[in-house]
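The file final.cif contains mmCIF, C-alpha atoms and all ligand atoms:
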```
data_query
#
loop_
_atom_site.label_atom_id
_atom_site.label_comp_id
_atom_site.auth_asym_id
_atom_site.auth_seq_id
_atom_site.Cartn_x
_atom_site.Cartn_y
_atom_site.Cartn_z
CA MET A 1 -0.18 3.99 72.85
CA ILE A 2 -0.52 7.54 74.23
CA VAL A 3 -1.36 10.07 71.53
CA GLY A 4 -3.62 12.61 73.31
CA ALA A 5 -7.09 12.98 74.79
CA GLU A 6 -8.72 14.22 71.57
CA GLU A 7 -7.28 11.30 69.60
CA ASP A 8 -8.43 8.86 72.31
CA LEU A 9 -12.00 10.15 72.00
CA PHE A 10 -11.79 9.79 68.25
CA ARG A 11 -10.47 6.21 68.58
CA ASP A 12 -13.30 5.40 70.93
CA SER A 13 -15.94 6.64 68.49
CA VAL A 14 -14.44 4.61 65.61
CA ARG A 15 -14.26 1.52 67.84
CA LYS A 16 -17.96 1.86 68.73
CA PHE A 17 -18.84 2.21 65.04
CA VAL A 18 -16.87 -0.97 64.25
CA GLU A 19 -18.60 -2.89 67.07
CA ARG A 20 -21.95 -1.86 65.62
CA GLU A 21 -21.46 -1.81 61.84
CA MET A 22 -18.45 -4.06 61.11
CA ARG A 23 -19.02 -7.00 63.42
CA PRO A 24 -16.99 -10.20 62.81
CA GLU A 25 -20.02 -12.13 61.50
CA LEU A 26 -20.66 -9.39 58.91
CA MET A 27 -17.02 -9.38 57.83
CA ARG A 28 -17.11 -13.19 57.47
CA LYS A 29 -20.29 -12.95 55.39
CA TRP A 30 -18.88 -10.26 53.06
CA ALA A 31 -15.59 -12.15 52.66
CA ARG A 32 -17.37 -15.42 51.83
CA ALA A 33 -19.58 -13.69 49.26
CA GLY A 34 -16.66 -11.67 47.85
CA GLU A 35 -18.89 -8.64 48.28
CA PHE A 36 -18.11 -5.06 49.24
CA PRO A 37 -20.83 -3.46 51.44
CA GLU A 38 -21.74 -0.21 49.66
CA PRO A 39 -24.08 1.01 52.46
CA LEU A 40 -21.13 0.80 54.88
CA TYR A 41 -18.97 2.90 52.55
CA ARG A 42 -21.70 5.57 52.54
CA LYS A 43 -21.75 5.48 56.33
CA TRP A 44 -17.97 6.14 56.34
CA GLY A 45 -18.85 9.16 54.19
CA GLU A 46 -21.57 10.30 56.64
CA MET A 47 -19.05 10.03 59.49
CA GLY A 48 -16.77 12.41 57.53
CA TRP A 49 -14.03 9.80 57.33
CA LEU A 50 -13.64 9.87 53.56
CA GLY A 51 -12.88 13.60 53.64
CA ILE A 52 -10.64 13.52 56.68
CA GLY A 53 -7.44 13.97 54.63
CA LEU A 54 -8.88 16.60 52.30
CA PRO A 55 -8.39 20.35 52.76
CA GLU A 56 -11.26 22.41 54.14
CA ASP A 57 -11.52 24.56 50.98
CA VAL A 58 -12.67 21.49 49.03
CA GLY A 59 -15.06 20.44 51.82
CA GLY A 60 -12.76 18.09 53.73
CA SER A 61 -12.08 18.18 57.44
CA ALA A 62 -8.29 18.56 57.09
CA GLY A 63 -7.73 15.96 59.81
CA ASN A 64 -4.21 15.12 60.79
CA PRO A 65 -2.24 11.99 59.77
CA VAL A 66 -2.36 10.64 63.35
CA GLN A 67 -6.18 10.57 63.16
CA MET A 68 -5.96 8.87 59.78
CA VAL A 69 -3.74 6.11 61.19
CA ILE A 70 -6.10 5.70 64.17
CA LEU A 71 -8.98 5.33 61.74
CA ALA A 72 -7.12 2.72 59.67
CA GLU A 73 -6.10 0.83 62.82
CA GLU A 74 -9.60 0.70 64.29
CA LEU A 75 -11.47 -0.01 61.03
CA ALA A 76 -9.19 -3.03 60.52
CA ARG A 77 -10.00 -4.61 63.91
CA ASN A 78 -12.03 -7.41 62.35
CA GLY A 79 -9.89 -7.72 59.21
CA PHE A 80 -7.75 -5.21 57.30
CA ASP A 81 -9.18 -6.26 53.91
CA ILE A 82 -12.08 -3.83 54.07
CA THR A 83 -9.78 -1.02 55.25
CA GLY A 84 -8.18 -1.15 51.80
CA ALA A 85 -11.20 0.78 50.51
CA TYR A 86 -10.65 3.46 53.14
CA SER A 87 -6.87 3.80 52.74
CA THR A 88 -7.15 3.79 48.93
CA ALA A 89 -9.88 6.46 48.99
CA LEU A 90 -7.82 8.48 51.44
CA PHE A 91 -4.45 8.51 49.69
CA LEU A 92 -5.90 8.83 46.18
CA GLY A 93 -8.35 11.51 47.37
CA MET A 94 -5.43 13.48 48.81
CA THR A 95 -3.61 13.00 45.50
CA LEU A 96 -6.62 14.36 43.56
CA ALA A 97 -6.88 17.31 45.95
CA LYS A 98 -3.19 18.10 45.48
CA HIS A 99 -2.78 17.56 41.74
CA GLY A 100 -6.32 17.76 40.29
CA ASP A 101 -7.55 20.91 38.57
CA GLU A 102 -10.73 22.68 39.70
CA ALA A 103 -12.99 20.77 37.32
CA GLN A 104 -11.61 17.41 38.50
CA GLN A 105 -11.89 18.38 42.15
CA SER A 106 -15.51 19.50 41.83
CA ALA A 107 -16.45 16.47 39.71
CA TYR A 108 -14.99 13.88 42.07
CA LEU A 109 -14.21 15.06 45.60
CA PRO A 110 -17.78 15.83 46.83
CA ARG A 111 -18.96 12.39 45.67
CA LEU A 112 -15.93 10.77 47.27
CA MET A 113 -16.64 12.45 50.59
CA GLU A 114 -20.27 11.30 50.49
CA GLY A 115 -19.20 7.69 49.92
CA ARG A 116 -20.70 7.74 46.41
CA LEU A 117 -17.43 7.38 44.53
CA HIS A 118 -14.66 4.82 44.94
CA LEU A 119 -11.09 5.40 43.84
CA SER A 120 -8.72 2.78 42.48
CA THR A 121 -5.18 2.88 41.14
CA ALA A 122 -3.92 0.95 38.13
CA ILE A 123 -0.14 0.84 37.91
CA THR A 124 0.81 -2.85 37.83
CA GLU A 125 0.85 -4.80 34.54
CA PRO A 126 1.57 -8.43 33.65
CA ASN A 127 5.24 -7.57 32.99
CA THR A 128 5.52 -4.59 35.32
CA GLY A 129 5.47 -5.12 39.06
CA SER A 130 7.91 -3.55 41.48
CA ASP A 131 9.65 -1.61 38.69
CA ILE A 132 7.09 0.99 37.67
CA SER A 133 9.31 2.28 34.87
CA GLY A 134 8.29 -0.78 32.82
CA VAL A 135 4.68 0.43 32.30
CA ARG A 136 3.57 -0.26 28.70
CA CYS A 137 -0.17 0.51 28.77
CA LYS A 138 -0.19 3.21 26.10
CA ALA A 139 -2.08 6.50 25.86
CA VAL A 140 -1.99 8.42 22.59
CA ARG A 141 -3.41 11.90 22.06
CA ASP A 142 -6.27 12.31 19.58
CA ASP A 143 -8.25 15.44 18.60
CA ASP A 144 -10.07 15.87 21.90
CA GLY A 145 -8.35 13.64 24.41
CA TRP A 146 -6.51 10.36 24.80
CA VAL A 147 -6.88 6.81 23.57
CA ILE A 148 -5.67 4.10 25.97
CA SER A 149 -4.73 0.56 25.02
CA GLY A 150 -3.11 -2.14 27.10
CA GLU A 151 -3.58 -4.25 30.19
CA LYS A 152 -3.37 -3.81 33.96
CA VAL A 153 -3.42 -6.40 36.73
CA PHE A 154 -4.14 -6.46 40.48
CA CYS A 155 -6.27 -3.31 40.58
CA SER A 156 -7.92 -3.23 43.98
CA GLY A 157 -11.58 -2.29 44.00
CA ALA A 158 -11.66 -1.31 40.30
CA HIS A 159 -14.85 -3.35 39.78
CA LEU A 160 -16.93 -1.57 42.43
CA PRO A 161 -19.84 0.62 41.22
CA ASP A 162 -18.96 4.27 40.58
CA THR A 163 -15.21 3.92 40.62
CA LEU A 164 -12.71 6.36 39.21
CA ILE A 165 -9.43 4.66 38.27
CA LEU A 166 -6.15 6.58 38.28
CA VAL A 167 -4.43 4.80 35.40
CA THR A 168 -0.68 5.13 34.96
CA THR A 169 -0.05 5.13 31.20
CA ARG A 170 2.92 5.49 28.92
CA THR A 171 2.61 8.61 26.81
CA SER A 172 6.16 8.77 25.50
CA THR A 173 9.38 6.79 25.52
CA HIS A 174 12.22 8.57 27.23
CA ALA A 175 15.06 6.19 26.47
CA ASP A 176 17.27 7.88 29.08
CA ASN A 177 14.66 7.76 31.86
CA LEU A 178 11.63 5.50 31.35
CA ARG A 179 9.82 7.01 34.37
CA LYS A 180 9.58 10.36 32.58
CA GLY A 181 7.23 9.06 29.88
CA LEU A 182 4.48 8.13 32.37
CA THR A 183 1.21 10.02 32.72
CA ILE A 184 -1.82 9.51 34.98
CA LEU A 185 -5.26 9.58 33.35
CA LEU A 186 -8.57 9.55 35.25
CA VAL A 187 -10.81 6.81 33.86
CA PRO A 188 -14.33 6.07 35.20
CA ASN A 189 -14.70 2.29 35.34
CA ASP A 190 -17.79 2.31 33.08
CA THR A 191 -15.93 3.94 30.17
CA PRO A 192 -16.66 2.08 26.88
CA GLY A 193 -13.84 -0.20 25.79
CA LEU A 194 -12.66 -0.96 29.33
CA ARG A 195 -13.22 -4.56 30.42
CA ILE A 196 -12.76 -5.51 34.06
CA SER A 197 -12.43 -9.06 35.28
CA ARG A 198 -12.13 -10.13 38.92
CA MET A 199 -8.97 -12.06 39.85
CA ASP A 200 -9.26 -15.11 42.08
CA THR A 201 -6.92 -14.61 45.03
CA VAL A 202 -6.10 -16.48 48.24
CA GLY A 203 -7.74 -13.84 50.40
CA ARG A 204 -8.66 -10.15 50.60
CA LYS A 205 -11.98 -10.95 48.99
CA ILE A 206 -14.07 -8.02 50.27
CA PHE A 207 -12.21 -5.21 48.51
CA GLY A 208 -11.29 -7.48 45.57
CA THR A 209 -8.59 -7.41 42.91
CA ASN A 210 -9.02 -7.03 39.15
CA GLN A 211 -7.49 -7.35 35.72
CA LEU A 212 -8.23 -4.47 33.32
CA TYR A 213 -8.22 -4.56 29.52
CA PHE A 214 -8.17 -1.23 27.66
CA ASP A 215 -9.30 -1.63 24.06
CA ASN A 216 -8.89 1.85 22.52
CA VAL A 217 -10.54 3.49 25.50
CA HIS A 218 -11.21 7.17 24.79
CA VAL A 219 -11.03 9.73 27.60
CA PRO A 220 -11.33 13.53 27.23
CA ALA A 221 -8.40 15.94 27.55
CA GLY A 222 -9.69 16.82 31.04
CA ALA A 223 -8.78 13.31 32.23
CA LEU A 224 -5.12 14.28 32.56
CA LEU A 225 -4.04 14.45 36.22
CA GLY A 226 -1.32 17.03 36.77
CA THR A 227 1.09 17.37 33.89
CA GLU A 228 1.89 14.94 31.09
CA GLY A 229 4.96 12.87 31.93
CA GLU A 230 4.76 13.60 35.67
CA ALA A 231 3.18 10.37 36.92
CA TRP A 232 6.31 9.30 38.75
CA LYS A 233 6.51 12.59 40.62
CA ILE A 234 2.84 12.36 41.64
CA LEU A 235 3.05 8.68 42.57
CA SER A 236 6.20 8.92 44.65
CA GLY A 237 4.48 11.43 46.98
CA SER A 238 1.20 9.56 47.16
CA LEU A 239 2.72 6.10 47.70
CA ASP A 240 4.33 7.37 50.94
CA LEU A 241 0.84 8.21 52.18
CA GLU A 242 -0.47 4.84 51.09
CA ARG A 243 2.28 3.03 53.01
CA LEU A 244 1.50 4.87 56.18
CA PHE A 245 -2.27 4.33 56.07
CA ILE A 246 -2.05 0.66 55.18
CA ALA A 247 0.48 0.17 58.00
CA GLY A 248 -2.17 1.43 60.45
CA GLY A 249 -4.63 -1.16 59.14
CA TYR A 250 -2.10 -3.99 59.38
CA VAL A 251 -1.33 -3.07 63.01
CA GLY A 252 -5.06 -3.09 63.88
CA ASN A 253 -5.56 -6.53 62.33
CA ALA A 254 -2.38 -7.95 63.91
CA GLN A 255 -3.57 -6.73 67.32
CA SER A 256 -6.86 -8.63 66.87
CA ALA A 257 -4.93 -11.79 65.96
CA LEU A 258 -2.89 -11.37 69.15
CA ASP A 259 -5.99 -10.69 71.30
CA LEU A 260 -7.70 -13.80 69.95
CA ALA A 261 -4.59 -15.95 70.54
CA VAL A 262 -4.11 -14.62 74.10
CA GLN A 263 -7.75 -15.32 74.97
CA TYR A 264 -7.48 -18.81 73.50
CA ALA A 265 -4.24 -19.50 75.42
CA LYS A 266 -6.04 -18.56 78.66
CA ASP A 267 -9.10 -20.72 77.91
CA ARG A 268 -7.66 -23.82 76.29
CA VAL A 269 -6.57 -26.44 78.81
CA GLN A 270 -4.20 -29.27 77.90
CA PHE A 271 -2.20 -31.52 80.24
CA GLY A 272 -4.12 -29.95 83.16
CA LYS A 273 -3.16 -26.30 82.55
CA PRO A 274 -4.16 -23.44 80.23
CA ILE A 275 -1.76 -23.65 77.30
CA GLY A 276 -0.69 -20.02 77.96
CA LYS A 277 1.05 -21.30 81.11
CA TYR A 278 3.52 -23.19 78.91
CA GLN A 279 6.51 -21.03 78.19
CA ALA A 280 6.65 -22.09 74.53
CA VAL A 281 3.20 -20.54 74.07
CA SER A 282 3.57 -17.47 76.30
CA HIS A 283 6.91 -16.52 74.72
CA ALA A 284 5.41 -16.83 71.26
CA LEU A 285 2.65 -14.43 72.36
CA VAL A 286 5.23 -12.02 73.79
CA ASP A 287 7.12 -11.99 70.48
CA MET A 288 3.89 -11.27 68.63
CA ARG A 289 3.13 -8.37 70.96
CA MET A 290 6.64 -6.94 70.68
CA ARG A 291 6.54 -6.90 66.87
CA ILE A 292 3.07 -5.37 66.80
CA ASP A 293 3.95 -2.67 69.34
CA ALA A 294 7.15 -1.84 67.41
CA ALA A 295 5.14 -1.51 64.18
CA ARG A 296 2.52 0.64 65.91
CA HIS A 297 5.19 3.01 67.27
CA LEU A 298 6.83 3.28 63.85
CA SER A 299 3.43 4.05 62.27
CA TYR A 300 2.54 6.80 64.75
CA HIS A 301 6.05 8.21 64.57
CA ALA A 302 5.80 8.52 60.77
CA ALA A 303 2.30 10.04 61.16
CA GLU A 304 3.64 12.64 63.63
CA LEU A 305 6.41 13.56 61.19
CA LEU A 306 3.89 13.93 58.40
CA LYS A 307 1.65 16.03 60.66
CA HIS A 308 4.56 18.43 61.11
CA ARG A 309 5.42 18.28 57.39
CA VAL A 310 8.76 16.61 58.06
CA PRO A 311 9.82 14.33 55.15
CA CYS A 312 9.25 10.74 56.24
CA ARG A 313 9.91 8.45 53.27
CA ALA A 314 12.12 6.02 55.24
CA GLU A 315 9.82 6.17 58.27
CA ALA A 316 6.67 5.43 56.19
CA SER A 317 8.48 2.50 54.56
CA MET A 318 9.69 1.21 57.93
CA ALA A 319 6.13 1.42 59.26
CA LYS A 320 4.77 -0.54 56.28
CA LEU A 321 7.58 -3.08 56.44
CA ALA A 322 7.29 -3.68 60.19
CA ALA A 323 3.47 -3.71 60.19
CA SER A 324 3.11 -6.15 57.29
CA GLU A 325 5.71 -8.50 58.75
CA ALA A 326 4.10 -8.26 62.21
CA LEU A 327 0.72 -9.18 60.67
CA VAL A 328 2.11 -12.16 58.75
CA HIS A 329 3.95 -13.32 61.89
CA ALA A 330 0.96 -12.78 64.22
CA THR A 331 -1.54 -14.65 62.04
CA ASN A 332 0.90 -17.51 61.45
CA GLN A 333 1.78 -17.86 65.14
CA GLY A 334 -1.85 -17.20 66.06
CA MET A 335 -2.93 -20.18 63.98
CA GLN A 336 -0.25 -22.31 65.67
CA ILE A 337 -1.58 -21.37 69.12
CA LEU A 338 -5.21 -22.01 68.15
CA GLY A 339 -4.16 -25.47 66.92
CA GLY A 340 -6.55 -27.33 64.62
CA TYR A 341 -9.43 -24.97 65.44
CA GLY A 342 -7.42 -22.08 64.01
CA TYR A 343 -7.42 -23.88 60.69
CA THR A 344 -11.21 -24.07 60.54
CA THR A 345 -13.31 -21.44 58.82
CA GLU A 346 -15.24 -20.95 62.06
CA MET A 347 -12.33 -18.94 63.45
CA ASP A 348 -11.35 -15.53 62.10
CA MET A 349 -7.67 -16.46 62.29
CA GLU A 350 -7.80 -18.39 59.00
CA ARG A 351 -9.26 -15.35 57.14
CA TRP A 352 -6.71 -13.00 58.69
CA PHE A 353 -3.94 -15.50 57.85
CA ARG A 354 -5.03 -15.63 54.19
CA ASP A 355 -5.62 -11.88 53.94
CA GLY A 356 -2.46 -10.99 55.84
CA ARG A 357 -0.15 -13.04 53.64
CA VAL A 358 -0.37 -10.54 50.80
CA THR A 359 0.73 -7.55 52.87
CA THR A 360 4.46 -8.21 52.43
CA LEU A 361 3.89 -8.46 48.65
CA MET A 362 1.61 -5.57 47.74
CA GLY A 363 1.95 -1.83 48.21
CA GLY A 364 5.68 -2.32 47.56
CA SER A 365 7.01 -5.68 48.77
CA SER A 366 9.20 -6.02 51.87
CA GLU A 367 12.27 -6.19 49.63
CA ILE A 368 11.27 -2.95 47.90
CA GLN A 369 10.66 -1.23 51.27
CA ARG A 370 14.17 -2.29 52.33
CA ASN A 371 15.53 -0.88 49.06
CA ILE A 372 13.77 2.45 49.71
CA ILE A 373 15.07 2.64 53.28
CA ALA A 374 18.60 1.72 52.12
CA HIS A 375 18.39 4.48 49.47
CA GLU A 376 17.32 7.00 52.14
CA MET A 377 20.39 5.87 54.13
CA GLY A 378 22.57 6.85 51.18
CA LEU A 379 23.22 3.25 50.11
C1 LIG B 401 -4.06 -8.29 46.48
C2 LIG B 401 -3.24 -7.33 45.69
C3 LIG B 401 -3.71 -6.04 45.50
C4 LIG B 401 -2.99 -5.14 44.71
N1 LIG B 401 -3.51 -3.90 44.46
C5 LIG B 401 -2.92 -3.12 43.51
C6 LIG B 401 -3.56 -1.93 43.05
O1 LIG B 401 -4.61 -1.54 43.53
N2 LIG B 401 -2.96 -1.25 42.03
C7 LIG B 401 -1.79 -1.64 41.47
O2 LIG B 401 -1.30 -0.98 40.56
N3 LIG B 401 -1.15 -2.75 41.89
C8 LIG B 401 -1.69 -3.50 42.89
N4 LIG B 401 -1.09 -4.65 43.32
C9 LIG B 401 0.18 -5.03 42.72
C10 LIG B 401 1.31 -5.00 43.70
O3 LIG B 401 1.64 -3.67 44.03
C11 LIG B 401 2.45 -5.80 43.05
O4 LIG B 401 2.10 -7.14 43.23
C12 LIG B 401 3.78 -5.47 43.65
O5 LIG B 401 4.17 -4.20 43.23
C13 LIG B 401 4.85 -6.47 43.25
O6 LIG B 401 4.84 -6.69 41.86
P1 LIG B 401 4.83 -8.20 41.29
O7 LIG B 401 3.77 -8.93 42.01
O8 LIG B 401 4.78 -8.14 39.83
O9 LIG B 401 6.21 -8.81 41.77
P2 LIG B 401 7.67 -8.57 41.15
O10 LIG B 401 7.99 -7.13 41.06
O11 LIG B 401 7.81 -9.38 39.92
O12 LIG B 401 8.55 -9.18 42.31
C14 LIG B 401 8.64 -10.60 42.55
C15 LIG B 401 9.58 -10.80 43.74
O13 LIG B 401 10.87 -10.24 43.44
C16 LIG B 401 11.24 -9.28 44.42
N5 LIG B 401 11.96 -8.15 43.81
C17 LIG B 401 11.64 -7.47 42.68
N6 LIG B 401 12.52 -6.49 42.44
C18 LIG B 401 13.42 -6.54 43.46
C19 LIG B 401 14.57 -5.78 43.80
N7 LIG B 401 14.98 -4.74 43.07
N8 LIG B 401 15.24 -6.11 44.94
C20 LIG B 401 14.83 -7.14 45.70
N9 LIG B 401 13.75 -7.90 45.42
C21 LIG B 401 13.05 -7.59 44.33
C22 LIG B 401 9.90 -8.80 45.01
O14 LIG B 401 10.07 -8.26 46.31
C23 LIG B 401 9.09 -10.09 45.01
O15 LIG B 401 9.40 -10.86 46.13
C24 LIG B 401 -1.77 -5.54 44.15
C25 LIG B 401 -1.28 -6.84 44.36
C26 LIG B 401 -2.01 -7.73 45.10
C27 LIG B 401 -1.48 -9.13 45.27
#
```
Would it be possible to restate this file's structure as C-alpha cells?
Ligand SMILES: Cc1cc2nc3c(=O)[nH]c(=O)nc-3n(C[C@H](O)[C@H](O)[C@H](O)COP(=O)(O)OP(=O)(O)OC[C@H]3O[C@@H](n4cnc5c(N)ncnc54)[C@H](O)[C@@H]3O)c2cc1C
Amino acid sequence: MIVGAEEDLFRDSVRKFVEREMRPELMRKWARAGEFPEPLYRKWGEMGWLGIGLPEDVGGSAGNPVQMVILAEELARNGFDITGAYSTALFLGMTLAKHGDEAQQSAYLPRLMEGRLHLSTAITEPNTGSDISGVRCKAVRDDDGWVISGEKVFCSGAHLPDTLILVTTRTSTHADNLRKGLTILLVPNDTPGLRISRMDTVGRKIFGTNQLYFDNVHVPAGALLGTEGEAWKILSGSLDLERLFIAGGYVGNAQSALDLAVQYAKDRVQFGKPIGKYQAVSHALVDMRMRIDAARHLSYHAAELLKHRVPCRAEASMAKLAASEALVHATNQGMQILGGYGYTTEMDMERWFRDGRVTTLMGGSSEIQRNIIAHEMGL
C-alpha cells in the first residue's frame, strides 16, 4: 500500500513499538488473564497516539485519518482485540472534542491524551441492538442534574479503571421519532449506583465487555454532552469514525493471519511437498490476500476522503464490512491451512479466530452496514 514517505516512517515507528511492547506472548498472556495492560495504554499516551485525532487547541496533534488507520492497522498486528481500546478512545475523544463544552474538554481530554482516562460507549441494551431508537435506559432531570435508571449490555472496556462512559439515555418520548428523545450523558464508571459486571464472551478478552446496571445514578447538569435530545445526531457522525478505525484494526489482524498461514504452508510438508505447493492451499491463500487487500484499499480510500472532509458514510461502512468479513474469512481459512495445530492454543490463529468472529456482529453488523450503504445508494 503506497500512502507516502511520511506515513511510511510513521508506520515503521508503530511497527517497532509493537515488536517491543505488544509481542505475541504478551498478547496471549493478557488474553488468557482477561486483563488490560494499563502501563501499555499510558505508553500509547506518551507516544501521542491518544491525542492524534484531537485538535491542536485542546493539546492534540491533529493527525490525519490516514495516520489513524495506519496506527489501528499496526497496533492490531498481534490481535485486534487490544486495538479496541485505541479506536474507542480515538473516536469518542474526537466526539468529546467536537461536542463537549470547555469544562468537559478540560476535565477529560488532557487525561485521555496522557493515557490516564479510558472512554467507553453504552448504547446497546437487552432489547435494543441494531435499532438504537429502542433505547429505554431513562434519564430524568432533578434539581441539579440527571437521574439515570436502566440497563446496558456489551459495553466495551467500561470496567477499566478511570473510565468515562458516554451513556445514551432516553430523556423524552417522541412518539413520531423515537431517535429524537435520546440524550448522551457523561458518567464516570465509579459513580455511586452504577454496577458493572463483566460478560463472558467467546473472545476479545483483553478489552472486555460489560453489562451495566443504573440504579438511580445521579450525575450533575454538566454531564450533558451537546444538547438534550441530540444523541442520534452526535452518534451518527461519530459511528462513521468508529467504523473506519476499527476497519484498520481488522485489516492488520487479517494480514497477520495470512502471514502465519503462508509461512506454515511453506514449512509444512505432506506427501513429499510443502502444502503450499498444492493448488487447493495456494488458491485459498490467494483468496485471503485478495479480500484483505480489497479491505485495506477501501479503508485508506475512506480515510483519504475524511482527510479532505469529503462525506464518506458509504465508504466507511464498506471498509468496515469488507475488513470484518476479510478477518472472519482469513482466520477461518487460516485455521484450515494450519490443520490440527491451528486448533491448539499454542497458535495465535485460534485466538484471532475467536476474536475475529465478533467483528461482523459488533460496531453495526454486516447486515446493518449493507443497509447503510443501500440507503446511501438511494435504496
Ligand atoms: C464484543 C462486543 C462488544 C460490543 N461493544 C459495544 C459497546 O462498546 N457499546 C455498545 O453500545 N454496544 C456494543 N456492542 C453491541 C453491538 O453493537 C451489538 O451487538 C450490535 O449492535 C447488534 O445488536 P444485537 O447484538 O442486539 O443484535 P440484533 O440487533 O438483535 O440483531 C440480530 C441479527 O439480526 C440482524 N438484523 C437486525 N436488524 C436488521 C435489519 N434491519 N436488516 C437486516 N438484518 C438485521 C443483525 O444483523 C443480526 O445478525 C458490542 C457487542 C459485542 C458482541
Problem - Point-to-point distance in Å for CA of Met27 in chain A and CA of Tyr264 in chain A - result: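 Here the two named atoms are 20.6 Å from each other.
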Handout entry: Test item: residues at most 9 Å from Tyr41 in chain A, all atoms listed in the file, excluding those fewer than 6 positions along its chain, as a PyMOL selection string
Key = chain A and resi 50+85-86+114-116+118
Practice task
Considering only C-alpha atoms, return as a PyMOL selection string whatever protein or nucleic-acid residues lie within 7 Å of range 90-100 of chain A, sequence-local ones (same chain, fewer than 4 positions apart) excluded.
Solution key: chain A and resi 50+53-54+86+104-105+119+225-226+238+241-242
Practice task
Skip Val14 in chain A itself and residues of its chain fewer than 6 positions away, then list as JSON, numbers by chain all residues within 12 Å of it, counting all atoms listed in the file.
Solution key: {"A": [7, 8, 20, 21, 22, 43, 44, 47, 48, 49, 67, 68, 69, 70, 71, 72, 73, 74, 75, 76, 77]}
Exercise for the section: Would you mind telling me which residue in A:Asn78, A:Asn189, A:Gln333, A:Ser61 lies nearest to Asp162 in chain A when using all atoms listed in the file? Expected result: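 Between A:Asn78, A:Asn189, A:Gln333, A:Ser61, the residue approaching Asp162 in chain A most closely is A:Asn189.
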Find the residues around range 201-213 of chain A up to 7 Å (all atoms listed in the file counted), leave out those fewer than 6 positions away in its own chain, and share them as a tab-separated table (two decimals) with C-alpha atoms, in the coordinates of the input.
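Output below, filename part.tsv:
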```tsv
chain	number	residue	atom	x	y	z
A	30	TRP	CA	-18.88	-10.26	53.06
A	31	ALA	CA	-15.59	-12.15	52.66
A	34	GLY	CA	-16.66	-11.67	47.85
A	35	GLU	CA	-18.89	-8.64	48.28
A	36	PHE	CA	-18.11	-5.06	49.24
A	81	ASP	CA	-9.18	-6.26	53.91
A	82	ILE	CA	-12.08	-3.83	54.07
A	84	GLY	CA	-8.18	-1.15	51.80
A	85	ALA	CA	-11.20	0.78	50.51
A	150	GLY	CA	-3.11	-2.14	27.10
A	151	GLU	CA	-3.58	-4.25	30.19
A	152	LYS	CA	-3.37	-3.81	33.96
A	153	VAL	CA	-3.42	-6.40	36.73
A	154	PHE	CA	-4.14	-6.46	40.48
A	155	CYS	CA	-6.27	-3.31	40.58
A	156	SER	CA	-7.92	-3.23	43.98
A	157	GLY	CA	-11.58	-2.29	44.00
A	158	ALA	CA	-11.66	-1.31	40.30
A	159	HIS	CA	-14.85	-3.35	39.78
A	194	LEU	CA	-12.66	-0.96	29.33
A	195	ARG	CA	-13.22	-4.56	30.42
A	354	ARG	CA	-5.03	-15.63	54.19
A	355	ASP	CA	-5.62	-11.88	53.94
```
Problem - Test item: residues no farther than 6 Å from ligand LIG 401 (chain B), counting all atoms listed in the file, as a list of chain:residue names - result: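 Residues satisfying the distance criterion: A:Thr121, A:Ala122, A:Ile123, A:Thr124, A:Thr128, A:Gly129, A:Ser130, A:Phe154, A:Cys155, A:Ser156, A:Thr209, A:Val358, A:Leu361, A:Met362, A:Gly363, A:Gly364, A:Ser365, A:Glu367, A:Ile368.
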Problem - Nearest-residue call for Thr345 in chain A, choices A:Asp144, A:Glu25, A:Glu304, A:Tyr250, using all atoms listed in the file - result: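 Answer, going by the shortest atom-to-atom distance: A:Glu25.
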Exercise for the section: For CA of Tyr343 in chain A and CA of Lys320 in chain A, determine how far apart the two atoms are, in Å to one decimal place. Expected result: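 Taking CA of Tyr343 in chain A as the start and CA of Lys320 in chain A as the end point, the length is 26.7 Å.
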Exercise for the section: Name the closest residue to Ala257 in chain A among the candidates A:Val269, A:Leu235, A:Val135, A:Val328; distances are taken between atoms, counting all atoms listed in the file. Expected result: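 Residue with the minimum atom-to-atom distance to Ala257 in chain A: A:Val328.
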Practice task
Calculate how many Å separate CA of Ala314 in chain A from CA of Ile372 in chain A, rounding to one decimal.
Solution key: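 According to the coordinates, CA of Ala314 in chain A and CA of Ile372 in chain A are separated by 6.8 Å.
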Exercise for the section: Give as a list in words every residue, naming chains and numbers as the document does, that has an atom within 9 Å of (4.4, 9.2, 32.5), counting all atoms listed in the file. Expected result: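 Every polymer residue passing the test: Ser133, Val135, Thr168, Thr169, Arg170, Thr171, Ser172, Thr173, Leu178, Arg179, Lys180, Gly181, Leu182, Thr183, Ile184, Thr227, Glu228, Gly229, Glu230, Ala231 and Trp232 of chain A.
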Handout entry: Closest of A:His218, A:Arg111, A:His174, A:His375 to Ala139 in chain A - atom-to-atom distances counting all atoms listed in the file
Key =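 With all atoms listed in the file as the atom set, the closest residue is A:His218.
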Problem - Who sits within 6 Å of Ala316 in chain A, only C-alpha atoms, same chain under 3 positions skipped, as a PyMOL selection string - result: chain A and resi 243-244+302+312-313+319
